[in-house]
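Novice: The structure follows.
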Amino acid sequence: MNTNSNAYTIIYTTAIVVVVAAVLAFVSQSLKGKQEANEKADTISQMMTAAQFGSKADFQAKGNTAVLAEYAENIAEAFTVNSKGQKIADFDLGKVYSPSELKKLNYIIKGAQDGEAELPVFIFKDNTTVVPVYGAGLWGAIWGYIAFEPDGKTIKGAYFDHESETAGLGSKIKDDVNFQNEFKNEYADFGAEKVFEIVKGGSPKEADGSEIIDNKIDAITGATMTSNGLSEAVSQWLKAYAPYFEGLAPVEEEVAEEAVEETIAEEE
Amino acid sequence: MNANLKETILNPIFKGNPITVLVLGICSSLAVTVTLKGALVMALSVIAVTGISSLILSTLRNTIPSRARIIVQLVVVAMMVILVDQILKSFEATYAIDKQLSVYIGLIITNCIVMGRIEAFALGNKPIPSMLDGIANGVGYGMILLIVAFFRELLGSGTLFGFDVLNRIGYVPNNLVILPPFALILLGCIVWVQRAIQKDLQEK
């Protein structure tokens, strides 16, 4: 048989592509369940890391079953809110939002797509509220979770993940615990145009070396685009959640502000 | 075992090592050698890809139209790479490592060792020797990866396979070791050692 004829070449390459496609489709279908379970456990451990239940490495070491059990034990409420901050409906406590679901919400939040954004809110039994953020980094999508103290203003913790940021630079949003810890105790200024910022020189220190509490943290050196993208993502998503958080506990907020004023007065 | 087959297996491991002698697969050996775990998973993945694609393509070698052979090779190698990636994603134990290695698993397809061995060996030899050649090249590659990763994890994080080793005695991890340039320096040292032992590799 002439293996160099045009007809043979075309038929052969077509056949091999069809066979390979069939094999891959079959494998992808049969492994889908396991992969989704892994992804779900990973997402849950990200939320729990943000809510300060432990470090990401700890959750990884525990394994999927333990992570799911710990989540089920600690989650109190999960519901969606609309752009006015009103609760729409509860959803299954076992449900989490995958990056692709966040991506769809992101289109609506950024105004690229019409529709009412149904934003997920996760509340843990210790009254920590966790909300997702999603946006574009330098090379691909970035997303993560931000946990708020019961006052709905002070940030308790944060965890971020990314698709393909530069290893060692942009990937620090995920790998550098120190960067994530910078979010702790800062607050989200829901009234401002930029609710939260990640900028160069965003963490000025007091004369005595203590951190100034504001709605800014320092960007990552050498990863300007990733930092800008994350800043944009956090700010836009928290802005979308602003009506919800603002309507949460106005009384407590005033108390918190008074407390801050008092400390300032004392320092003076 | 005849001498030829023995040569096929042993040559890529030392005398004709794909990284230190042929200088192929440098990119990934800089990227995935920060931890031993990552390097081990990467090494096993490459062994699986080179071994099985060589076996498949060698079996098909008499039917492949020569004008479209690169396309056929690419399709088979790409299939193997996607399979490896899918399998790594499915197991709890390897999911995190797969995430950590991220694009580098997918980039095995661009690893010159894979296509190089198929083109140079598998298309002209019987299936079993071809598979052994693929596996041996993967082992040669993986061995260097593990040596580099051993030093990088030990000196860069003070651990081995995630267990504290130097950290126990108050060692302060060296950040330079974590960065890719140090992997290149280490590779250079390995090439130096190998050339000192194997004089015939030295240029006159």
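Numbering starts fresh at 1 for the residues of each chain in the structure tokens, the chains themselves are lettered A, B, ... in the order given, and ligands are numbered from 1 as they appear.
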At a cut-off of 6 Å, list the chain B residues touching chain A, using only C-alpha atoms, as a VMD selection string.
Specialist: chain B and resid 65 89 to 90
Novice: Please identify all polymer residues within 7 Å of Tyr141 of chain B, counting only C-alpha atoms, omitting same-chain residues fewer than 3 positions from it, and present them as a VMD selection string.
Specialist: chain B and resid 18 to 19 137 to 138 144 to 145
Novice: Taking only chain B into account, list the residues labelled alpha helix (DSSP H) by DSSP (computed from the backbone), as a PyMOL selection string.
Specialist: chain B and resi 3-10+26-31+36-59+69-90+92-101+103-106+112-120+127-156+175-178+180-197
Novice: Tell me which protein, DNA and RNA residues are within 7 Å of segment 90-105 of chain A, counting only C-alpha atoms, leaving out same-chain ones fewer than 5 positions away, and put them as a ChimeraX atom specification.
Specialist: /A:40,77-80,117,134
Novice: Between atom CA of Ile185 of chain B and atom CA of Ser45 of chain B, what is the spacing in Å?
Specialist: 24.7 Å
Novice: Looking at B:Phe121, B:Leu44, B:Lys204, B:Ile109, which one is nearest to Met80 of chain B, with distances taken over only C-alpha atoms?
Specialist: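 Of all the options, B:Ile109 lies closest to Met80 of chain B.
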Novice: Between atom CA of Glu203 of chain B and atom CA of Leu187 of chain B, measure the distance and give it in Å to one decimal.
Specialist: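 Rounded to one decimal, the two atoms are 18.3 Å apart.
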Novice: Excluding same-chain residues fewer than 5 positions from Leu160 of chain B, what lies within 10 Å of it counting only C-alpha atoms, as an MDAnalysis selection string?
Specialist: chainID B and resid 35:37 149:155 165:166
Novice: DSSP on the backbone: what in segment 3-231 of chain A comes out strand (DSSP E), as an MDAnalysis selection string?
Specialist: chainID A and resid 75:81 87:90 119:124 129:136 141:148 155:162 197:199 216:218
Novice: Quick one: residues within 8 Å of Ser157 of chain B, only C-alpha atoms counted, chain neighbours fewer than 5 positions away excluded, as an NGL selection string?
Specialist: :B and (152 or 167 or 173-174 or 178)
Novice: Please indicate the distance in Å from atom CA of Ala7 of chain A to atom CA of Val76 of chain B, rounded to one decimal place.
Specialist: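 Those two atoms sit 20.8 Å apart.
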Novice: For Val84 of chain B, find every residue with an atom within 8 Å (counting only C-alpha atoms), except residues of its own chain fewer than 3 positions away, and show them as a PyMOL selection string.
Specialist: chain B and resi 45+48-49+80-81+87-88
Novice: Identify, on the basis of only C-alpha atoms, every residue whose closest approach to Asn17 of chain B does not exceed 12 Å; exclude the query and any residue fewer than 6 positions from it along the same chain; express the result as a count of residues only.
Specialist: 24
Novice: I need the residue nearest Glu73 of chain A from this list: A:Tyr145, A:Ile213, A:Lys172, A:Asp126. Use only C-alpha atoms for the distance.
Specialist: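 The answer is A:Asp126, which sits nearest to Glu73 of chain A.
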Novice: Closest to Ile142 of chain A among A:Val67, A:Ile198, A:Ala223, A:Ile173, using only C-alpha atoms?
Specialist: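 Of all the options, A:Ile173 lies closest to Ile142 of chain A.
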Novice: Taking only C-alpha atoms into account, which of B:Ile169, B:Leu132, B:Met79, B:Ala183 comes nearest Val32 of chain B?
Specialist: B:Ala183
